[in-house]
Amino acid sequence: MNRVLPFEWVAAVRFLREGHMQTMFIITGIAIGVGVIVFMSALLTGLQANFLKRVLTSQAQIQLLPPDQVARPLRFGPGVIESASIQRPSQRVVSIDQWPKIRDRMLAMPEVTGVSPTMSGSALAVRGDANRAISVSGVEPVTYFRIVRIPDYIVSGEARLSSTDILIGTELAKDLGATLGDKLNIQAASGASVVLTITGLFDLGNKGANERNTYVALRTAQSLLGNVGGVSTIEITVNDIYAAEVLAQQIQAANRVQADSWIKTNAQFFTAVQAQQTSNTLIRAFVGLSVAFGIAAVLVVSVIQRSKDIGILRAMGASRGQILRIFLIQGGLLGFAGSLVGAALGAGGLVYWHSMVLQADGTELFPLILERQLFVTTAVLATLTGLLAAMAPALRAAQLDPVVAIRG
Amino acid sequence: MAEEVLRLEKVCKVYNQGEPSETEVLHDVDLRLEKGEFLALMGPSGSGKSTLLNIVGLLDRPTSGRMTIKGEETDLLDDTEITRLRGHTIGFVFQDHHLISAFTALENVMMPLLLDRGFPSPAIRQRALDLMTRVGLEKVANNMATNMSGGQQQRVAIARALAMNPDLILADEPTGNLDSKSADSVFDLMREVNRESHTSFLIVTHNLDLAKRCDRIIDLVDGRIAG
């Protein structure tokens with residue numbers, strides 16, 4: 001007999017071992033349940049992480065924009081309106097009022113992890129006979145690339161931006177017949193133009209973005225777009241991406257800016273993520289429940305089968321507490337053992353699935369994320385489920401009248 | 001005067017009290033057992049022997065009357081104290097041995113000590129081994145409890161009953177399921193233990209020959225002590 005374990009543990013293990021058929025069946029049952037939970041959770045985490053990475057590394061989580069320009073009715077005097085019909089004004093590229101102050105305020109917020117001012121506008125990229133309409137984003141590379149990971153998407157060249165450099169998408173490069181080191185003439189609508197050297201080509205994984213998006217230094221964009229010293233957006237990253245919308249509302253209420261969170265601008269995607277999470281939680285809960293009932297059923301039968309043993313133990317001086325613990329431990333052990341086998345099953349299934357299911361281009365459909373936390377949580381939850389499920393049978397065992405129990 | 005181990009005064013046991021099926025199983029039973037006494041309890045089936053044994057063994061409570069074990073009045077004890085008193089002062093030997101099949105013979109003998117101390121220890125193991133030697137089964141100590149003959153199992157049960165060095169051993173037809181040879185040897189073993197360690201025995205038996213070899217015979221007829 002093990003010298004370290006308390007008697008209740010030894011008895012629990014022996015009882016489980018003696019009823020090996022029952023034990024094996026219930027552990028298999030628990031393992032299947034746990035396996036499904038592990039598989040599904042890891043799969044969803046992987047898919048979500050993939051989506052999130054795609055969404056969040058190509059855009060900021062909160063964007064601050066200048067408030068919409070609103071036309072007011074022309075008034076003649078107090079209470080007298082001269083012209084009541086108001087035409088919605090066109091939205092010129094304007095700078096955020098007092099943006100350095102707002103940027104500093106954002107940097108001071110504990111929830112904010114990165115802030116980068118940018119100047120964006122439309123322009124025409126001209127090379128020889130070819131020209132294409134583009135969107136020019138003037139950025140500070142140091143802060144901006146931390147928010148939008150352009151360097152990760154560079155397919156040739158480098159993500160360097162001095163005042164005469166430009167980064168363009170692979171599609172635009174193809175359309176203009178340009179390549180690294182070539183010069184592009186960028187013309188703004190105002191007539192201003194600048195000649196820039198292509199230092200890097202990027203592939204954002206989206207044809208439209210690869211055709212239109214270009215990145216230049218902030219100062220270059222400011223002078224090209226006729227707004228020296230101004231910024232049209234302030235891009236922000238936060239530590240809790242799911243709190244972005246709440247934070248955006250707070251920022252908007254406290255500053256003269258319009259704040260858009262990624263949740264608002266990707267509402268559909270966000271709803272999909274939430275629906276996935278909800279269904280995952282539901283499935284986990286129901287699988288957990290059926291596992292719990294399985295454990296309880298096996299232990300109820302075990303209490304009946306062992307009633308004589310229980311009576312004898314009581315006659316030999318076992319307290320109700322000791323009997324209770326013997327059966328609780330059995331429940332916990334079943335849950336724990338089942339979760340170990342189940343976690344291995346789930347992880348194995350996931351690795352197999354991951355290697356079998358690929359995207360059309362042969363790359364993985366989702367990153368394989370097997371967090372230790374998932375296994376620890378699952379094991380702890382399964383053990384707790386086992387303990388809880390064992391509660392009713394264990395109480396019944398502890399309440400058994402020894403005289404009746406011994407008689408069988 | 002010899003030390004008193006057990007005293008019953010006017011102990012009654014009524015089942016289903018207040019219901020139409022009310023049955024009075026024991027009537028005003030008085031009983032006294034001294035240290036080292038070896039007592040046979042006889043009586044026809046249904047006379048209340050098992051009920052009396054359960055009450056004395058603290059597995060059941062009397063409906064009325066007073067019982068003291070080693071001077072401790074049992075009516076005043078709560079469940080935890082009853083369990084403790086039972087574990088420390090009373091050993092049981094059942095008719096069909098009731099060893100726990102998931103454990104070896106030795107572990108069955110260790111069990112009362114384990115339940116009391118909580119953890120296994122070399123001392124507990126040694127004590128169990130000594131008891132197995134005492135009942136002549138040291139060679140099969142590590143057999144599973146079910147992997148032994150009836151006589152051997154009953155010897156293990158006696159060793160188990162002795163584990164806590166109790167003052168009183170209650171045996172419910174300990175030889176009832178054994179052939180006459182095994183029955184004799186099991187009875188002799190109990191008598192030996194009784195003589196050597198002065199443990200009191202209360203043995204329920206139908207076997208008059210064995211009963212005659214006891215210090216005293218008590219006849220229970222219809223829930224009353226007849227002689």
# chains A, B, ... in the order shown; residues from 1 in each chain; ligands from 1
>>> residues_around(residues="B:Lys181", least_positions_apart="6", cutoff="10 Å", atoms="only C-alpha atoms", output="PyMOL selection string")
chain B and resi 151+175+187
>>> residues_around(residues="stretch 204-210 of chain B", least_positions_apart="4", cutoff="9 Å", atoms="only C-alpha atoms", output="list in words")
Leu39, Ala40, Leu41, Met42, Gly43, Pro44, Lys49, Ser50, Leu53, Leu170, Ala171, Asp172, Glu173, Pro174, Thr175, Gly176, Asp184, Phe187 and Cys214 of chain B
>>> write_last_selection(atoms="C-alpha atoms", output="PDB file, in the first residue's frame")
ATOM      1  CA  LEU B  39     -19.577 -15.199  26.438  1.00  0.00           C
ATOM      2  CA  ALA B  40     -21.821 -17.221  24.141  1.00  0.00           C
ATOM      3  CA  LEU B  41     -25.137 -15.739  23.082  1.00  0.00           C
ATOM      4  CA  MET B  42     -27.599 -18.374  21.942  1.00  0.00           C
ATOM      5  CA  GLY B  43     -31.176 -18.367  20.883  1.00  0.00           C
ATOM      6  CA  PRO B  44     -33.478 -19.352  18.050  1.00  0.00           C
ATOM      7  CA  LYS B  49     -29.500 -11.869  18.869  1.00  0.00           C
ATOM      8  CA  SER B  50     -28.366  -9.807  15.879  1.00  0.00           C
ATOM      9  CA  LEU B  53     -25.191  -7.470  18.853  1.00  0.00           C
ATOM     10  CA  LEU B 170     -18.365  -9.178  18.826  1.00  0.00           C
ATOM     11  CA  ALA B 171     -18.648 -12.249  16.655  1.00  0.00           C
ATOM     12  CA  ASP B 172     -21.854 -13.036  14.785  1.00  0.00           C
ATOM     13  CA  GLU B 173     -21.798 -16.787  14.105  1.00  0.00           C
ATOM     14  CA  PRO B 174     -18.082 -16.706  13.269  1.00  0.00           C
ATOM     15  CA  THR B 175     -18.009 -20.419  12.537  1.00  0.00           C
ATOM     16  CA  GLY B 176     -21.437 -20.653  10.905  1.00  0.00           C
ATOM     17  CA  ASP B 184     -12.868 -25.679  15.663  1.00  0.00           C
ATOM     18  CA  PHE B 187     -12.920 -21.020  17.768  1.00  0.00           C
ATOM     19  CA  CYS B 214     -17.374 -20.584  26.640  1.00  0.00           C
TER      20      CYS B 214
END
>>> residues_around(residues="A:Asp175", least_positions_apart="5", cutoff="9 Å", atoms="only C-alpha atoms", output="NGL selection string")
:A and (130-132 or 170 or 211)
>>> write_last_selection(atoms="C-alpha atoms", output="JSON list (two decimals), in the first residue's frame")
[["chain", "number", "residue", "atom", "x", "y", "z"],
["A", 130, "ALA", "CA", 0.14, 54.71, -66.73],
["A", 131, "ASN", "CA", -1.68, 56.30, -63.84],
["A", 132, "ARG", "CA", -3.75, 54.95, -61.01],
["A", 170, "THR", "CA", 2.04, 44.46, -55.38],
["A", 211, "GLU", "CA", -4.05, 48.36, -55.67]]
>>> interface_residues(of="chain A", to="chain B", cutoff="9 Å", atoms="only C-alpha atoms", output="count of residues only")
29
>>> select_by_dssp(residues="stretch 19-161 of chain B", states="strand (DSSP E)", output="PDB file with N, CA and C atoms, in the first residue's frame")
ATOM      1  N   THR B  23     -42.853  -3.649  16.286  1.00  0.00           N
ATOM      2  CA  THR B  23     -42.354  -4.918  16.822  1.00  0.00           C
ATOM      3  C   THR B  23     -41.354  -4.631  17.920  1.00  0.00           C
ATOM      4  N   GLU B  24     -41.530  -5.218  19.050  1.00  0.00           N
ATOM      5  CA  GLU B  24     -40.572  -5.060  20.125  1.00  0.00           C
ATOM      6  C   GLU B  24     -39.624  -6.248  20.053  1.00  0.00           C
ATOM      7  N   VAL B  25     -38.362  -5.986  19.744  1.00  0.00           N
ATOM      8  CA  VAL B  25     -37.415  -7.074  19.511  1.00  0.00           C
ATOM      9  C   VAL B  25     -36.660  -7.427  20.786  1.00  0.00           C
ATOM     10  N   LEU B  26     -36.356  -6.413  21.590  1.00  0.00           N
ATOM     11  CA  LEU B  26     -35.666  -6.679  22.861  1.00  0.00           C
ATOM     12  C   LEU B  26     -36.484  -6.096  24.006  1.00  0.00           C
ATOM     13  N   HIS B  27     -36.634  -6.896  25.082  1.00  0.00           N
ATOM     14  CA  HIS B  27     -37.385  -6.409  26.246  1.00  0.00           C
ATOM     15  C   HIS B  27     -36.453  -6.367  27.451  1.00  0.00           C
ATOM     16  N   ASP B  28     -36.310  -5.216  28.001  1.00  0.00           N
ATOM     17  CA  ASP B  28     -35.608  -5.062  29.287  1.00  0.00           C
ATOM     18  C   ASP B  28     -34.406  -5.988  29.431  1.00  0.00           C
ATOM     19  N   VAL B  29     -33.496  -5.888  28.491  1.00  0.00           N
ATOM     20  CA  VAL B  29     -32.325  -6.767  28.556  1.00  0.00           C
ATOM     21  C   VAL B  29     -31.285  -6.180  29.498  1.00  0.00           C
ATOM     22  N   ASP B  30     -30.887  -6.965  30.481  1.00  0.00           N
ATOM     23  CA  ASP B  30     -29.781  -6.587  31.367  1.00  0.00           C
ATOM     24  C   ASP B  30     -28.619  -7.514  31.063  1.00  0.00           C
ATOM     25  N   LEU B  31     -27.461  -6.939  30.929  1.00  0.00           N
ATOM     26  CA  LEU B  31     -26.306  -7.764  30.584  1.00  0.00           C
ATOM     27  C   LEU B  31     -25.052  -7.087  31.109  1.00  0.00           C
ATOM     28  N   ARG B  32     -24.128  -7.901  31.606  1.00  0.00           N
ATOM     29  CA  ARG B  32     -22.881  -7.349  32.124  1.00  0.00           C
ATOM     30  C   ARG B  32     -21.753  -8.220  31.610  1.00  0.00           C
ATOM     31  N   LEU B  33     -20.697  -7.591  31.159  1.00  0.00           N
ATOM     32  CA  LEU B  33     -19.589  -8.361  30.619  1.00  0.00           C
ATOM     33  C   LEU B  33     -18.301  -7.799  31.212  1.00  0.00           C
ATOM     34  N   GLU B  34     -17.502  -8.687  31.775  1.00  0.00           N
ATOM     35  CA  GLU B  34     -16.267  -8.210  32.408  1.00  0.00           C
ATOM     36  C   GLU B  34     -15.078  -8.434  31.496  1.00  0.00           C
ATOM     37  N   PHE B  38     -15.579 -14.579  28.163  1.00  0.00           N
ATOM     38  CA  PHE B  38     -15.844 -15.183  26.852  1.00  0.00           C
ATOM     39  C   PHE B  38     -17.269 -15.707  26.886  1.00  0.00           C
ATOM     40  N   LEU B  39     -18.152 -14.967  26.259  1.00  0.00           N
ATOM     41  CA  LEU B  39     -19.577 -15.199  26.438  1.00  0.00           C
ATOM     42  C   LEU B  39     -20.224 -15.713  25.161  1.00  0.00           C
ATOM     43  N   ALA B  40     -21.076 -16.746  25.316  1.00  0.00           N
ATOM     44  CA  ALA B  40     -21.821 -17.221  24.141  1.00  0.00           C
ATOM     45  C   ALA B  40     -23.239 -16.691  24.245  1.00  0.00           C
ATOM     46  N   LEU B  41     -23.751 -16.206  23.129  1.00  0.00           N
ATOM     47  CA  LEU B  41     -25.137 -15.739  23.082  1.00  0.00           C
ATOM     48  C   LEU B  41     -25.877 -16.686  22.159  1.00  0.00           C
ATOM     49  N   MET B  42     -26.868 -17.393  22.743  1.00  0.00           N
ATOM     50  CA  MET B  42     -27.599 -18.374  21.942  1.00  0.00           C
ATOM     51  C   MET B  42     -29.064 -17.989  21.883  1.00  0.00           C
ATOM     52  N   SER B  64     -34.947   2.299  24.367  1.00  0.00           N
ATOM     53  CA  SER B  64     -34.870   2.804  25.736  1.00  0.00           C
ATOM     54  C   SER B  64     -33.888   1.937  26.509  1.00  0.00           C
ATOM     55  N   GLY B  65     -33.556   2.374  27.692  1.00  0.00           N
ATOM     56  CA  GLY B  65     -32.576   1.636  28.496  1.00  0.00           C
ATOM     57  C   GLY B  65     -31.238   2.331  28.459  1.00  0.00           C
ATOM     58  N   ARG B  66     -30.296   1.761  29.213  1.00  0.00           N
ATOM     59  CA  ARG B  66     -29.022   2.428  29.379  1.00  0.00           C
ATOM     60  C   ARG B  66     -27.924   1.465  29.003  1.00  0.00           C
ATOM     61  N   MET B  67     -26.923   1.969  28.308  1.00  0.00           N
ATOM     62  CA  MET B  67     -25.806   1.101  27.964  1.00  0.00           C
ATOM     63  C   MET B  67     -24.515   1.844  28.259  1.00  0.00           C
ATOM     64  N   THR B  68     -23.582   1.176  28.901  1.00  0.00           N
ATOM     65  CA  THR B  68     -22.260   1.782  29.092  1.00  0.00           C
ATOM     66  C   THR B  68     -21.212   0.835  28.532  1.00  0.00           C
ATOM     67  N   ILE B  69     -20.239   1.441  27.864  1.00  0.00           N
ATOM     68  CA  ILE B  69     -19.102   0.662  27.380  1.00  0.00           C
ATOM     69  C   ILE B  69     -17.866   1.251  28.031  1.00  0.00           C
ATOM     70  N   GLU B  72     -18.460   4.402  29.774  1.00  0.00           N
ATOM     71  CA  GLU B  72     -18.936   5.557  29.017  1.00  0.00           C
ATOM     72  C   GLU B  72     -20.382   5.330  28.610  1.00  0.00           C
ATOM     73  N   GLU B  73     -21.239   6.261  28.996  1.00  0.00           N
ATOM     74  CA  GLU B  73     -22.658   6.086  28.686  1.00  0.00           C
ATOM     75  C   GLU B  73     -22.914   6.433  27.219  1.00  0.00           C
ATOM     76  N   ILE B  90     -14.232  -1.701  20.046  1.00  0.00           N
ATOM     77  CA  ILE B  90     -14.973  -2.878  19.595  1.00  0.00           C
ATOM     78  C   ILE B  90     -14.415  -3.422  18.285  1.00  0.00           C
ATOM     79  N   GLY B  91     -14.244  -4.727  18.233  1.00  0.00           N
ATOM     80  CA  GLY B  91     -13.859  -5.375  16.982  1.00  0.00           C
ATOM     81  C   GLY B  91     -14.995  -6.279  16.539  1.00  0.00           C
ATOM     82  N   PHE B  92     -15.162  -6.392  15.216  1.00  0.00           N
ATOM     83  CA  PHE B  92     -16.255  -7.231  14.697  1.00  0.00           C
ATOM     84  C   PHE B  92     -15.713  -8.437  13.929  1.00  0.00           C
ATOM     85  N   VAL B  93     -16.366  -9.578  14.140  1.00  0.00           N
ATOM     86  CA  VAL B  93     -16.119 -10.724  13.263  1.00  0.00           C
ATOM     87  C   VAL B  93     -17.497 -11.161  12.767  1.00  0.00           C
TER      88      VAL B  93
END
>>> residues_around(residues="stretch 189-192 of chain A", least_positions_apart="2", cutoff="9 Å", atoms="only C-alpha atoms", output="PyMOL selection string")
chain A and resi 122-124+186-187+194+223-226
>>> write_last_selection(atoms="N, CA and C atoms", output="PDB file, in the first residue's frame")
ATOM      1  N   SER A 122      -6.392  61.237 -51.066  1.00  0.00           N
ATOM      2  CA  SER A 122      -6.319  60.568 -52.352  1.00  0.00           C
ATOM      3  C   SER A 122      -5.318  61.297 -53.245  1.00  0.00           C
ATOM      4  N   ALA A 123      -4.766  60.541 -54.137  1.00  0.00           N
ATOM      5  CA  ALA A 123      -3.817  61.143 -55.082  1.00  0.00           C
ATOM      6  C   ALA A 123      -3.768  60.276 -56.324  1.00  0.00           C
ATOM      7  N   LEU A 124      -2.966  60.679 -57.273  1.00  0.00           N
ATOM      8  CA  LEU A 124      -2.821  59.929 -58.517  1.00  0.00           C
ATOM      9  C   LEU A 124      -1.355  59.509 -58.614  1.00  0.00           C
ATOM     10  N   ILE A 186       3.687  61.336 -57.760  1.00  0.00           N
ATOM     11  CA  ILE A 186       2.414  61.311 -57.033  1.00  0.00           C
ATOM     12  C   ILE A 186       1.807  62.707 -57.114  1.00  0.00           C
ATOM     13  N   GLN A 187       0.595  62.764 -57.660  1.00  0.00           N
ATOM     14  CA  GLN A 187      -0.052  64.064 -57.815  1.00  0.00           C
ATOM     15  C   GLN A 187      -1.312  64.134 -56.975  1.00  0.00           C
ATOM     16  N   VAL A 194       4.803  65.230 -56.156  1.00  0.00           N
ATOM     17  CA  VAL A 194       6.090  64.911 -55.576  1.00  0.00           C
ATOM     18  C   VAL A 194       6.580  63.627 -56.242  1.00  0.00           C
ATOM     19  N   SER A 223       2.676  67.769 -46.823  1.00  0.00           N
ATOM     20  CA  SER A 223       2.919  68.825 -47.818  1.00  0.00           C
ATOM     21  C   SER A 223       2.212  68.495 -49.125  1.00  0.00           C
ATOM     22  N   LEU A 224       2.151  67.194 -49.471  1.00  0.00           N
ATOM     23  CA  LEU A 224       1.468  66.808 -50.714  1.00  0.00           C
ATOM     24  C   LEU A 224      -0.007  67.145 -50.642  1.00  0.00           C
ATOM     25  N   LEU A 225      -0.627  66.892 -49.484  1.00  0.00           N
ATOM     26  CA  LEU A 225      -2.073  67.084 -49.349  1.00  0.00           C
ATOM     27  C   LEU A 225      -2.409  68.495 -48.877  1.00  0.00           C
ATOM     28  N   GLY A 226      -1.394  69.363 -48.831  1.00  0.00           N
ATOM     29  CA  GLY A 226      -1.640  70.765 -48.518  1.00  0.00           C
ATOM     30  C   GLY A 226      -2.095  70.986 -47.092  1.00  0.00           C
TER      31      GLY A 226
END
>>> atom_distance(atom1="atom CA of A:Gln69", atom2="atom CA of A:Leu247")
23.2 Å
>>> atom_distance(atom1="atom CA of A:Pro100", atom2="atom CA of A:Ile62")
16.7 Å
